[in-house]
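A.B. asks: Just one file: final.csv, with CSV, C-alpha atoms.
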chain,number,residue,atom,x,y,z
Z,1,MET,CA,0.0,0.0,0.0
Z,2,ASN,CA,1.2,3.5,-0.7
Z,3,ILE,CA,1.2,6.5,1.7
Z,4,SER,CA,-2.1,7.9,0.3
Z,5,SER,CA,-3.9,4.6,0.7
Z,6,ILE,CA,-2.6,4.2,4.3
Z,7,GLY,CA,-3.8,7.8,5.1
Z,8,LEU,CA,-7.2,7.1,3.6
Z,9,ALA,CA,-7.6,3.9,5.5
Z,10,LEU,CA,-6.7,5.6,8.8
Z,11,LEU,CA,-9.1,8.5,8.0
Z,12,VAL,CA,-11.9,6.1,7.2
Z,13,GLY,CA,-11.2,4.2,10.4
Z,14,ALA,CA,-11.2,7.4,12.5
Z,15,SER,CA,-14.6,8.5,11.0
Z,16,ILE,CA,-16.1,5.1,11.8
Z,17,GLY,CA,-14.8,5.2,15.4
Z,18,ILE,CA,-16.2,8.7,15.9
Z,19,THR,CA,-19.7,7.9,14.7
Z,20,LEU,CA,-19.8,4.6,16.7
Z,21,GLY,CA,-18.5,6.3,19.9
Z,22,MET,CA,-20.7,9.3,19.6
Z,23,LEU,CA,-23.9,7.8,18.1
Z,24,GLY,CA,-23.8,4.1,18.9
Z,25,GLY,CA,-24.1,3.3,15.3
Z,26,GLY,CA,-23.5,4.6,11.8
Z,27,GLY,CA,-20.1,3.1,11.5
Z,28,SER,CA,-21.2,0.4,9.1
Z,29,ILE,CA,-23.2,2.9,7.1
Z,30,LEU,CA,-20.0,4.8,6.6
Z,31,THR,CA,-17.8,1.7,6.2
Z,32,VAL,CA,-19.5,0.0,3.3
Z,33,PRO,CA,-19.6,3.0,1.0
Z,34,ALA,CA,-16.1,4.0,2.0
Z,35,LEU,CA,-14.7,0.5,1.3
Z,36,VAL,CA,-16.4,0.4,-2.1
Z,37,TYR,CA,-16.0,4.0,-3.4
Z,38,VAL,CA,-12.9,5.2,-1.6
Z,39,LEU,CA,-10.8,2.1,-1.1
Z,40,GLY,CA,-11.9,0.1,-4.2
Z,41,LEU,CA,-13.3,-3.1,-2.7
Z,42,SER,CA,-16.1,-5.0,-4.3
Z,43,ALA,CA,-19.6,-4.7,-2.7
Z,44,HIS,CA,-19.5,-8.3,-1.3
Z,45,ASP,CA,-16.0,-8.0,0.0
Z,46,ALA,CA,-16.8,-4.6,1.5
Z,47,THR,CA,-19.9,-6.0,3.4
Z,48,THR,CA,-17.8,-8.8,4.8
Z,49,SER,CA,-14.8,-6.6,5.8
Z,50,SER,CA,-17.2,-4.0,7.3
Z,51,LEU,CA,-18.4,-6.6,9.8
Z,52,VAL,CA,-14.9,-7.3,11.1
Z,53,ILE,CA,-14.1,-3.5,11.3
Z,54,VAL,CA,-17.3,-2.4,12.9
Z,55,GLY,CA,-17.6,-5.4,15.2
Z,56,LEU,CA,-14.2,-4.8,16.8
Z,57,ASN,CA,-14.7,-1.0,16.9
Z,58,ALA,CA,-18.1,-1.6,18.6
Z,59,ALA,CA,-16.7,-3.9,21.2
Z,60,PHE,CA,-14.1,-1.2,22.1
Z,61,GLY,CA,-16.7,1.5,22.1
Z,62,ALA,CA,-19.1,-0.5,24.3
Z,63,TRP,CA,-16.3,-0.9,26.9
Z,64,LEU,CA,-15.7,2.9,26.8
Z,65,ASN,CA,-19.4,3.9,26.9
Z,66,CYS,CA,-20.4,1.5,29.7
Z,67,ARG,CA,-17.5,2.8,31.8
Z,68,ARG,CA,-18.9,6.3,31.5
Z,69,GLY,CA,-22.6,5.9,31.4
Z,70,PRO,CA,-25.7,3.7,31.8
Z,71,CYS,CA,-25.8,0.3,30.0
Z,72,MET,CA,-28.8,-2.1,30.0
Z,73,LEU,CA,-26.6,-5.2,29.8
Z,74,ARG,CA,-29.3,-7.9,30.1
Z,75,HIS,CA,-31.5,-6.4,27.4
Z,76,ALA,CA,-28.5,-5.8,25.1
Z,77,PHE,CA,-27.2,-9.3,25.4
Z,78,VAL,CA,-30.6,-10.9,24.9
Z,79,PHE,CA,-31.4,-8.6,22.0
Z,80,GLY,CA,-28.0,-9.4,20.4
Z,81,GLY,CA,-28.0,-13.1,21.3
Z,82,ILE,CA,-31.4,-13.7,19.8
Z,83,GLY,CA,-30.3,-12.0,16.6
Z,84,LEU,CA,-27.2,-14.2,16.1
Z,85,GLY,CA,-29.0,-17.0,14.2
Z,86,ALA,CA,-31.0,-14.5,12.2
Z,87,ALA,CA,-27.8,-12.6,11.3
Z,88,PHE,CA,-26.2,-15.8,10.0
Z,89,LEU,CA,-29.3,-16.6,7.9
Z,90,GLY,CA,-29.4,-13.1,6.5
Z,91,ALA,CA,-25.7,-13.3,5.5
Z,92,ARG,CA,-26.3,-16.6,3.6
Z,93,VAL,CA,-29.3,-15.1,1.8
Z,94,SER,CA,-27.4,-12.0,0.7
Z,95,GLN,CA,-24.9,-14.1,-1.3
Z,96,TYR,CA,-27.7,-14.5,-3.9
Z,97,ILE,CA,-28.6,-10.8,-4.3
Z,98,PRO,CA,-26.9,-8.7,-7.0
Z,99,ALA,CA,-24.6,-6.0,-5.5
Z,100,VAL,CA,-26.5,-3.1,-7.0
Z,101,TRP,CA,-29.7,-4.3,-5.4
Z,102,LEU,CA,-27.9,-4.9,-2.1
Z,103,LEU,CA,-26.7,-1.3,-1.9
Z,104,THR,CA,-30.0,0.1,-3.1
Z,105,MET,CA,-31.9,-1.7,-0.4
Z,106,PHE,CA,-29.3,-0.6,2.1
Z,107,GLY,CA,-30.0,3.1,1.1
Z,108,SER,CA,-33.8,2.8,1.1
Z,109,LEU,CA,-33.8,1.3,4.6
Z,110,MET,CA,-31.6,4.1,5.8
Z,111,LEU,CA,-34.2,6.7,4.5
Z,112,ILE,CA,-37.0,5.0,6.4
Z,113,ILE,CA,-35.1,4.6,9.6
Z,114,GLY,CA,-33.7,8.2,9.5
Z,115,SER,CA,-37.2,9.6,9.0
Z,116,MET,CA,-38.6,7.6,11.9
Z,117,MET,CA,-35.9,9.0,14.2
Z,118,LEU,CA,-37.1,12.5,13.4
Z,119,ARG,CA,-40.6,11.9,14.7
Z,120,PRO,CA,-41.7,13.3,18.0
Z,121,LYS,CA,-39.8,11.9,20.9
Z,122,VAL,CA,-41.3,8.9,22.8
Z,123,GLN,CA,-41.3,8.6,26.5
Z,124,ALA,CA,-38.1,6.9,27.7
Z,125,LYS,CA,-38.1,4.1,30.2
Z,126,THR,CA,-35.1,4.1,32.5
Z,127,ASN,CA,-36.2,1.0,34.5
Z,128,GLU,CA,-35.2,-2.4,32.9
Z,129,GLN,CA,-38.3,-4.1,34.3
Z,130,ALA,CA,-40.5,-1.6,32.3
Z,131,ILE,CA,-39.3,-2.9,29.0
Z,132,ALA,CA,-41.4,-5.6,27.4
Z,133,TRP,CA,-39.4,-8.8,26.6
Z,134,PRO,CA,-41.5,-9.7,23.5
Z,135,ALA,CA,-40.4,-6.4,22.0
Z,136,VAL,CA,-36.8,-7.3,22.8
Z,137,VAL,CA,-37.2,-10.7,21.1
Z,138,MET,CA,-38.9,-9.5,18.0
Z,139,GLY,CA,-36.5,-6.5,17.6
Z,140,GLY,CA,-33.5,-8.8,18.0
Z,141,LEU,CA,-34.7,-11.2,15.3
Z,142,GLY,CA,-35.5,-8.5,12.8
Z,143,VAL,CA,-32.3,-6.4,13.4
Z,144,GLY,CA,-30.2,-9.6,13.4
Z,145,PHE,CA,-31.4,-10.7,10.0
Z,146,LEU,CA,-30.9,-7.3,8.4
Z,147,THR,CA,-27.5,-7.1,10.0
Z,148,GLY,CA,-26.3,-10.2,8.2
Z,149,PHE,CA,-28.2,-9.5,5.0
Z,150,LEU,CA,-26.8,-6.0,4.5
Z,151,GLY,CA,-23.4,-6.7,5.9
Z,152,VAL,CA,-23.7,-4.1,8.6
Z,153,GLY,CA,-23.1,-4.0,12.4
Z,154,GLY,CA,-26.7,-2.8,12.6
Z,155,GLY,CA,-26.3,0.3,14.8
Z,156,PHE,CA,-28.5,2.4,12.4
Z,157,LEU,CA,-31.2,-0.2,13.1
Z,158,ILE,CA,-30.4,-1.1,16.7
Z,159,VAL,CA,-30.4,2.5,18.1
Z,160,PRO,CA,-33.8,3.3,16.6
Z,161,ALA,CA,-35.2,-0.1,17.7
Z,162,LEU,CA,-34.0,0.5,21.3
Z,163,VAL,CA,-35.4,4.1,21.3
Z,164,LEU,CA,-38.6,3.6,19.4
Z,165,LEU,CA,-39.6,0.1,20.4
Z,166,LEU,CA,-38.1,-0.3,23.8
Z,167,HIS,CA,-38.2,3.4,24.7
Z,168,MET,CA,-34.7,3.4,26.0
Z,169,PRO,CA,-33.1,6.8,26.7
Z,170,MET,CA,-30.8,7.8,23.8
Z,171,ARG,CA,-27.6,7.6,25.8
Z,172,THR,CA,-28.5,4.2,27.1
Z,173,ALA,CA,-29.4,3.1,23.6
Z,174,ILE,CA,-26.0,4.2,22.3
Z,175,SER,CA,-24.0,2.2,24.8
Z,176,SER,CA,-26.3,-0.8,24.7
Z,177,SER,CA,-26.3,-0.9,20.9
Z,178,LEU,CA,-22.6,-1.2,20.7
Z,179,ILE,CA,-22.8,-4.5,22.6
Z,180,VAL,CA,-25.4,-5.8,20.2
Z,181,ILE,CA,-23.4,-4.6,17.2
Z,182,ALA,CA,-20.4,-6.6,18.3
Z,183,LEU,CA,-22.5,-9.8,18.8
Z,184,ASN,CA,-24.4,-9.5,15.5
Z,185,SER,CA,-21.2,-8.7,13.6
Z,186,SER,CA,-19.6,-11.9,14.8
Z,187,ALA,CA,-22.5,-14.0,13.5
Z,188,GLY,CA,-22.6,-12.1,10.2
Z,189,ILE,CA,-18.9,-12.7,9.7
Z,190,LEU,CA,-19.4,-16.5,9.9
Z,191,GLY,CA,-22.2,-16.3,7.3
Z,192,HIS,CA,-19.9,-14.4,4.9
Z,193,LEU,CA,-16.7,-16.4,5.3
Z,194,GLN,CA,-17.3,-18.7,2.3
Z,195,GLY,CA,-16.1,-17.1,-0.9
Z,196,SER,CA,-15.0,-13.8,0.7
Z,197,HIS,CA,-11.6,-12.1,0.6
Z,198,PHE,CA,-10.1,-10.3,3.6
Z,199,ASP,CA,-7.4,-7.6,3.1
Z,200,TRP,CA,-6.1,-7.8,6.7
Z,201,THR,CA,-3.5,-5.0,6.2
Z,202,LEU,CA,-6.3,-2.7,5.2
Z,203,ILE,CA,-8.6,-3.9,7.9
Z,204,GLY,CA,-5.9,-3.4,10.5
Z,205,LEU,CA,-5.2,0.1,9.5
Z,206,ILE,CA,-8.9,1.0,9.6
Z,207,ILE,CA,-9.4,-0.5,13.0
Z,208,SER,CA,-6.3,1.4,14.3
Z,209,GLY,CA,-7.9,4.7,13.1
Z,210,GLY,CA,-11.2,3.6,14.7
Z,211,VAL,CA,-9.7,3.2,18.2
Z,212,VAL,CA,-8.6,6.9,18.1
Z,213,GLY,CA,-12.0,7.9,16.7
Z,214,ASN,CA,-13.9,6.0,19.3
Z,215,LEU,CA,-12.0,7.8,22.1
Z,216,LEU,CA,-12.9,11.1,20.6
Z,217,GLY,CA,-16.5,10.3,19.8
Z,218,THR,CA,-17.3,8.8,23.2
Z,219,ARG,CA,-15.9,11.9,24.9
Z,220,PHE,CA,-17.7,14.3,22.6
Z,221,ALA,CA,-21.1,12.5,23.1
Z,222,GLN,CA,-20.9,13.2,26.9
Z,223,LYS,CA,-20.9,17.0,26.1
Z,224,VAL,CA,-23.9,17.0,23.6
Z,225,GLN,CA,-27.6,17.2,24.5
Z,226,VAL,CA,-29.6,14.0,23.9
Z,227,GLN,CA,-32.0,15.5,21.4
Z,228,THR,CA,-29.1,16.9,19.4
Z,229,LEU,CA,-27.5,13.4,19.3
Z,230,GLN,CA,-30.8,11.8,18.1
Z,231,ARG,CA,-31.4,14.4,15.4
Z,232,SER,CA,-27.7,14.2,14.2
Z,233,PHE,CA,-28.0,10.5,13.9
Z,234,ALA,CA,-31.2,10.8,11.9
Z,235,PHE,CA,-29.8,13.4,9.4
Z,236,PHE,CA,-26.6,11.4,9.0
Z,237,VAL,CA,-28.6,8.2,8.1
Z,238,ILE,CA,-30.9,10.1,5.7
Z,239,ALA,CA,-28.0,11.9,3.9
Z,240,LEU,CA,-26.1,8.6,3.2
Z,241,GLY,CA,-29.3,6.8,2.3
Z,242,ILE,CA,-30.0,9.4,-0.4
Z,243,PHE,CA,-26.5,9.1,-1.8
Z,244,LEU,CA,-26.7,5.2,-2.0
Z,245,VAL,CA,-30.1,5.2,-3.6
Z,246,ILE,CA,-29.2,7.8,-6.3
Z,247,LYS,CA,-25.8,6.0,-6.9
Z,248,ASN,CA,-27.1,2.5,-7.2
Z,249,PHE,CA,-30.8,2.5,-8.2
Z,250,PRO,CA,-30.9,0.0,-11.1
Z,251,LEU,CA,-33.2,2.1,-13.3
Z,252,ALA,CA,-31.1,5.2,-12.9
As structure tokens, how would this structure be written, given the file I've shared?

C.D. replies:
Amino acid sequence: MNISSIGLALLVGASIGITLGMLGGGGSILTVPALVYVLGLSAHDATTSSLVIVGLNAAFGAWLNCRRGPCMLRHAFVFGGIGLGAAFLGARVSQYIPAVWLLTMFGSLMLIIGSMMLRPKVQAKTNEQAIAWPAVVMGGLGVGFLTGFLGVGGGFLIVPALVLLLHMPMRTAISSSLIVIALNSSAGILGHLQGSHFDWTLIGLIISGGVVGNLLGTRFAQKVQVQTLQRSFAFFVIALGIFLVIKNFPLA
């Protein structure tokens, strides 16, 4: 790799780490397009590599966030654990979908989720006993499948699910989502192993940049109002969704 490629990989990694540490998701939304359009990977190799990159960054970010703020560990592990089998199934199904449709569906789902996050704020539940377990189970299954299918850690789905379905406070949803991302990513990787190529040098550089970004993002999130965090997450998801749909829509 030349100096410019190394610099780009570190910059991409730092951006992923910042979004994960600050918003509890969005790293994979950034990773897949960056790997395809900036670093030149194929769509299928990018989705597989993104699971490794985002999963490891999420594990580190979860550790940082849970040290500094609230974390509903039981719900996070159940939500993520239930989604493991669904993530593996989703990864296997995605092998049969053309890359252009994969990226178009990715962008379309981002538009829907981002719009939902801009709706009026729901009443948060700070007590774990107040959160319905059936909602945890159904949310875990749905997010798990989409995580494997789209090759993403799932934060852009997990955070809205925790906020909108389980009514978690935004800060708690951020820290909890990182645990779920790490779990779902591990299952998604297993489903993508067959026929996938890993550029471990590139992955290592991106993860190194992500560690620094995570430290910065986690610290910054502690200084920002919760409503600002939620709206920033929503606009970020919508902007990238528009880009992917315009870039990849098969009839365009």

A.B. asks: To one decimal place, how far is CA of Ile112 (chain Z) from CA of Leu157 (chain Z) in Å?

C.D. replies: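 Interatomic distance here is 10.3 Å.
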
A.B. asks: Please report the interatomic distance between CA of Leu30 (chain Z) and CA of Gln230 (chain Z) in Å with one decimal.

C.D. replies: 17.3 Å

A.B. asks: Could you tell me how far CA of Ala46 (chain Z) lies from CA of His197 (chain Z), in Å and to one decimal?

C.D. replies: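 Atom-to-atom, CA of Ala46 (chain Z) and CA of His197 (chain Z) are spaced 9.2 Å apart.
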
A.B. asks: Identify, on the basis of all atoms listed in the file, every residue whose closest approach to Ala239 (chain Z) does not exceed 10 Å; exclude the query and any residue fewer than 6 positions from it along the same chain; express the result as a PyMOL selection string.

C.D. replies: chain Z and resi 107+110-111+114

A.B. asks: Report as a VMD selection string all protein, DNA and RNA residues lying within 12 Å of Ser232 (chain Z), evaluated on only C-alpha atoms, omitting residues in the same chain fewer than 4 positions from it.

C.D. replies: chain Z and resid 19 22 to 26 114 to 115 117 to 118 156 170 221 224 to 228 236 to 239

A.B. asks: The residues within 12 Å of (-15.0, 1.9, 1.4), using all atoms listed in the file and the coordinates of the file, should be reported as a PyMOL selection string; which are they?

C.D. replies: chain Z and resi 5+8-13+15-16+27-50+53+202-203+206

A.B. asks: Can you tell me which residues surround Ala182 (chain Z) at a distance of at most 9 Å, considering only C-alpha atoms, apart from same-chain residues fewer than 5 positions away, and format the answer as a list in words?

C.D. replies: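 Non-adjacent residues within range: Leu51, Val54, Gly55, Leu56, Asn57, Ala58, Ala59, Ala62, Gly80, Gly153 and Ser177 of chain Z.
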
A.B. asks: Take the point (-9.4, 4.6, 22.4) in the file's coordinates, draw a sphere of radius 10 Å around it, and report as a PyMOL selection string every protein, DNA or RNA residue with an atom inside or on it, counting all atoms listed in the file.

C.D. replies: chain Z and resi 17+21+57+60-61+63-64+208-218
